[in-house]
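**Q** One structure, pasted below without further comment.
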Amino acid sequence: MANIEPITGRYVRVPYEGEDYRVFYEEAGQGIPLVCLHTAGTDTREWRHQLCDTDINSDFRVIALDLPRHGKSIPPAGWWKEEYKLTAQFYSEFLMAFCKELELDNPVIMGSSMGGNICLHLARNCSSDLRALIAIEACDYSPGWWLDWLWNPHVHGGEACATSVYGLMAPQSPEEYRRETWWYYAQSGPGIFKGDLYFYSVDHDFRAMAENLPGDIPIYFMTGVYDFACTPEMTEKTAKKVKNSECIIMEEIGHFPMCENPVTFKKYLMPVLAKILQTS
Amino acid sequence: MAAFDTGWMERWQALVNQDRVTKIIGRHLTTDVLLAFGETAYVVSFVGGTIPKISSDIGPESTYVFALRGPAETWAKFVQPIPPPMYNDIWAMAHPLHGRLQIEGDVKVMWQNLRAFTWTLDLMRNVQE
């Protein structure tokens, strides 16, 4: 009998600001909608372990989407005449438009890196439509990554982008999974990783706003000790400002918990999901 | 702590030159790099993913394309079999948030060869003291 994974991949059309975006997403399971956000320059594959995990997908409808320009979600027409720069406004509004098209009832949003940072913006602007936020490797300001070398015709973008993030993973994480994450990074379109990092390191500056979040939904911050882009100290400092938040520091893991070491990540994630289940 | 003396560098050189993967991914890695471990510096010559020469005689006539300079204590953490957080990668150490390593010079060559170059540096963790 074929060993078929429970993941189903589909396309949904998401209208946003006059564009008709063709968006690829994968899902598995049923229950509370749990929307998973990939990191900069990658795609849904980062969440393959959680999508297939019956301890997770028996209570949650796990959904991972490719943002426009990522994975199987094609860019909007005219992309070839623009420099791509992801903004907090597009990112947060587009995510909510995606959730609306799928008719998700108060989903949980879980994202890592830029997907973690956007959780702060979602908490500010969209909390009434959400149940909880899991902000992985997130903080209120993460400078230093909007680098020209990541999109330069003299440099192999795939190899340079992938290698620039390789050290963000913990040496304790299985090499097979670290190299798989490297592989994802080697496959993004030209300038997409750098364009995402415009949001990550430039447009996302929440330092003056973190204290003013309403606190009406819980935010779970989770950061690995090997993350040198968003260190545990940076996350702890942010979490102290955010009402109704919890800060979880994860040992022996880095910036890509879900795909660099799904076993270690699961130890920290399951208690968070249990809390969300209890209060739902 | 790692000695970073000429014997240590020669043992690293031998590891790189014997390494099968470096031969595959480092075919275009041809450059001269200055590595400074505190006050101790070398110019490492890479040619097609091998290291034919390491010069410890650094002076006014030394030439190199780019340089990595950091305290010996920083490098000593980097070369541990399991390096501690923030020391496991040259970009981790050099990132503006941390500033434990200085990367200078024509860094375009480094970015062009980042995969192979960092692979060879990671082999430092296998050097016998």
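Every chain in the structure tokens takes a letter, A first, then B, and so on in the order presented; its residues are numbered from 1, and the ligands are numbered from 1 following the presented order.
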Provide as a list of chain:residue names the residues of chain A at most 8 Å from chain B, counting only C-alpha atoms.

**A**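 Only these qualify: A:Pro143, A:Gly144, A:Trp149, A:His154, A:Val155, A:His156, A:Glu159, A:Ala160, A:Thr163, A:Ser164, A:Gly167, A:Leu168, A:Ala170, A:Pro171, A:Gln172, A:Val225, A:Tyr226, A:Asp227, A:Phe228, A:Ala229.
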
**Q** Compile the contact shell of B:Phe37 as a list in words: residues with an atom at most 7 Å away, counting only C-alpha atoms, same-chain residues fewer than 2 positions apart removed.

**A** Leu35, Glu39, Thr40, Ala41, Arg69, Gly70, Pro71, Ala72 and Trp75 of chain B

**Q** As a tab-separated table (two decimals) with C-alpha atoms, in the first residue's frame, please: the residues near stretch 32-37 of chain A (cut-off 9 Å, only C-alpha atoms, same-chain neighbours under 5 positions excluded).

**A**
```tsv
chain	number	residue	atom	x	y	z
A	43	ASP	CA	7.58	28.27	1.10
A	44	THR	CA	5.16	25.83	2.70
A	46	GLU	CA	9.08	24.28	5.94
A	47	TRP	CA	5.93	23.05	7.72
A	59	ASP	CA	-7.17	18.94	16.77
A	60	PHE	CA	-6.10	21.57	14.28
A	61	ARG	CA	-6.74	22.16	10.60
A	62	VAL	CA	-3.13	22.91	9.73
A	63	ILE	CA	-2.79	25.21	6.71
A	64	ALA	CA	0.42	26.52	5.19
A	65	LEU	CA	0.42	29.00	2.32
A	66	ASP	CA	2.99	30.21	-0.14
A	67	LEU	CA	2.98	33.99	-0.15
A	99	CYS	CA	-8.11	33.64	5.72
A	104	LEU	CA	-11.49	30.43	8.49
A	105	ASP	CA	-13.20	31.03	11.81
A	106	ASN	CA	-10.87	32.90	14.15
A	107	PRO	CA	-7.71	31.08	13.11
A	108	VAL	CA	-4.50	30.75	15.05
A	109	ILE	CA	-1.58	32.25	13.14
A	110	MET	CA	1.82	30.64	13.65
A	111	GLY	CA	4.83	32.03	11.82
A	112	SER	CA	8.58	31.99	12.07
A	114	MET	CA	9.27	37.29	9.25
A	115	GLY	CA	6.21	35.14	9.90
A	116	GLY	CA	6.82	35.70	13.59
A	277	LEU	CA	-7.27	24.12	22.86
A	280	SER	CA	-11.21	27.47	22.72
```

**Q** Could you pull out the strand (DSSP E or B) residues of stretch 96-169 of chain A from DSSP and send them as an MDAnalysis selection string?

**A** chainID A and resid 108:112 132:136 141

**Q** Write to file, as a short mmCIF file (atom, residue, chain, number, x, y, z; two decimals), in the first residue's frame, the residues of the selection just made, with N, CA and C atoms.

**A**
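Writing done, so here's selection.cif:
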```cif
data_model
loop_
_atom_site.label_atom_id
_atom_site.label_comp_id
_atom_site.auth_asym_id
_atom_site.auth_seq_id
_atom_site.Cartn_x
_atom_site.Cartn_y
_atom_site.Cartn_z
N VAL A 108 -5.78 30.49 14.39
CA VAL A 108 -4.50 30.75 15.05
C VAL A 108 -3.49 31.00 13.94
N ILE A 109 -2.65 32.02 14.11
CA ILE A 109 -1.58 32.25 13.14
C ILE A 109 -0.26 31.88 13.82
N MET A 110 0.51 31.04 13.14
CA MET A 110 1.82 30.64 13.65
C MET A 110 2.85 30.89 12.55
N GLY A 111 3.82 31.73 12.83
CA GLY A 111 4.83 32.03 11.82
C GLY A 111 6.20 32.15 12.44
N SER A 112 7.20 31.93 11.59
CA SER A 112 8.58 31.99 12.07
C SER A 112 9.34 33.08 11.34
N ALA A 132 -5.39 33.29 18.45
CA ALA A 132 -4.10 33.36 19.16
C ALA A 132 -3.00 33.50 18.12
N LEU A 133 -1.84 33.94 18.60
CA LEU A 133 -0.69 34.11 17.72
C LEU A 133 0.50 33.35 18.31
N ILE A 134 1.20 32.62 17.46
CA ILE A 134 2.44 31.95 17.89
C ILE A 134 3.57 32.57 17.08
N ALA A 135 4.32 33.43 17.73
CA ALA A 135 5.34 34.23 17.05
C ALA A 135 6.71 33.60 17.32
N ILE A 136 7.18 32.85 16.33
CA ILE A 136 8.43 32.10 16.48
C ILE A 136 9.58 32.95 15.95
N TYR A 141 12.21 44.40 16.61
CA TYR A 141 13.11 45.03 15.63
C TYR A 141 14.25 44.07 15.35
#
```

**Q** In Å, with one decimal, what is the gap from atom CA of A:Gly41 to atom CA of A:Tyr84?

**A** 11.6 Å

**Q** Could you check the closest approach to B:Gly99 for each of B:Thr74, B:Ser55, B:Asn126, B:Thr22 and tell me which residue wins, using only C-alpha atoms?

**A**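 Looking only at the distances to B:Gly99, the closest residue turns out to be B:Thr74.
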
**Q** As a ChimeraX atom specification, please: every residue in chain B that DSSP puts in alpha helix (DSSP H).

**A** /B:6-18,20-25,72-78,90-94,107-112,114-122

**Q** Could you pull the residues within 8 Å of A:Gly157, counting only C-alpha atoms, minus those fewer than 3 positions along the same chain, as a PyMOL selection string?

**A** chain A and resi 150-153+160-161+186+190-191

**Q** Would you mind listing what lies within 7 Å of B:Phe66 as an MDAnalysis selection string, with only C-alpha atoms counted and same-chain residues fewer than 5 positions away left out?

**A** chainID B and resid 33:34 104:107

**Q** Keeping only C-alpha atoms, write those residues as an mmCIF file, in the first residue's frame.

**A**
```
data_model
loop_
_atom_site.group_PDB
_atom_site.id
_atom_site.type_symbol
_atom_site.label_atom_id
_atom_site.label_comp_id
_atom_site.auth_asym_id
_atom_site.auth_seq_id
_atom_site.Cartn_x
_atom_site.Cartn_y
_atom_site.Cartn_z
ATOM 1 C CA VAL B 33 42.274 35.307 2.365
ATOM 2 C CA LEU B 34 43.798 36.781 5.481
ATOM 3 C CA GLU B 104 36.944 43.381 5.286
ATOM 4 C CA GLY B 105 38.167 43.805 1.727
ATOM 5 C CA ASP B 106 36.712 42.606 -1.572
ATOM 6 C CA VAL B 107 33.937 40.623 0.060
#
```

**Q** Ranking B:Thr6, B:Gln80, B:Thr31, B:Gln102 by minimum distance to B:Pro52 and counting only C-alpha atoms, which one comes first?

**A**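 Closest to B:Pro52 of all the choices is B:Thr31.
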
**Q** If you measure from atom CA of B:Phe4 to atom CA of B:Phe117, what distance in Å do you get, rounded to one decimal?

**A**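 Calculated distance between atom CA of B:Phe4 and atom CA of B:Phe117 is 18.2 Å.
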
**Q** Can you list, as a PyMOL selection string, every protein, DNA or RNA residue that comes within 9 Å of A:Trp183 when you count only C-alpha atoms, leaving out same-chain residues fewer than 5 positions away?

**A** chain A and resi 158-159+162+178

**Q** To one decimal place in Å, what is the distance between atom CA of A:Ile249 and atom CA of A:Asn261?

**A**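 Interatomic distance here is 14.7 Å.
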
**Q** Please provide as a compact mmCIF listing (two decimals) with N, CA and C atoms, in the first residue's frame all residues within 9 Å of A:Glu83, with the sequence filter that same-chain residues fewer than 2 positions apart are discarded (counting only C-alpha atoms).

**A**
```txt
# COMPACT_ATOMS: atom_id res chain seq x y z
N TRP A 79 5.51 42.00 -12.32
CA TRP A 79 6.59 41.84 -11.33
C TRP A 79 7.95 42.13 -11.93
N TRP A 80 8.07 41.93 -13.24
CA TRP A 80 9.38 42.07 -13.88
C TRP A 80 9.82 43.52 -14.01
N LYS A 81 8.91 44.44 -13.70
CA LYS A 81 9.26 45.87 -13.79
C LYS A 81 9.43 46.52 -12.42
N LYS A 85 9.66 44.50 -2.58
CA LYS A 85 9.90 44.85 -1.17
C LYS A 85 8.63 44.52 -0.40
N GLY A 191 15.96 37.88 -5.91
CA GLY A 191 15.56 39.07 -5.15
C GLY A 191 14.42 38.85 -4.16
N GLY A 195 13.92 40.85 -0.84
CA GLY A 195 12.68 41.65 -0.75
C GLY A 195 11.90 41.37 0.52
```

**Q** Using only C-alpha atoms, find the one residue out of A:Arg179, A:His49, A:Arg124, A:Arg207 that sits nearest to A:Ser142.

**A**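 Counting only C-alpha atoms, the residue closest to A:Ser142 is A:Arg207.
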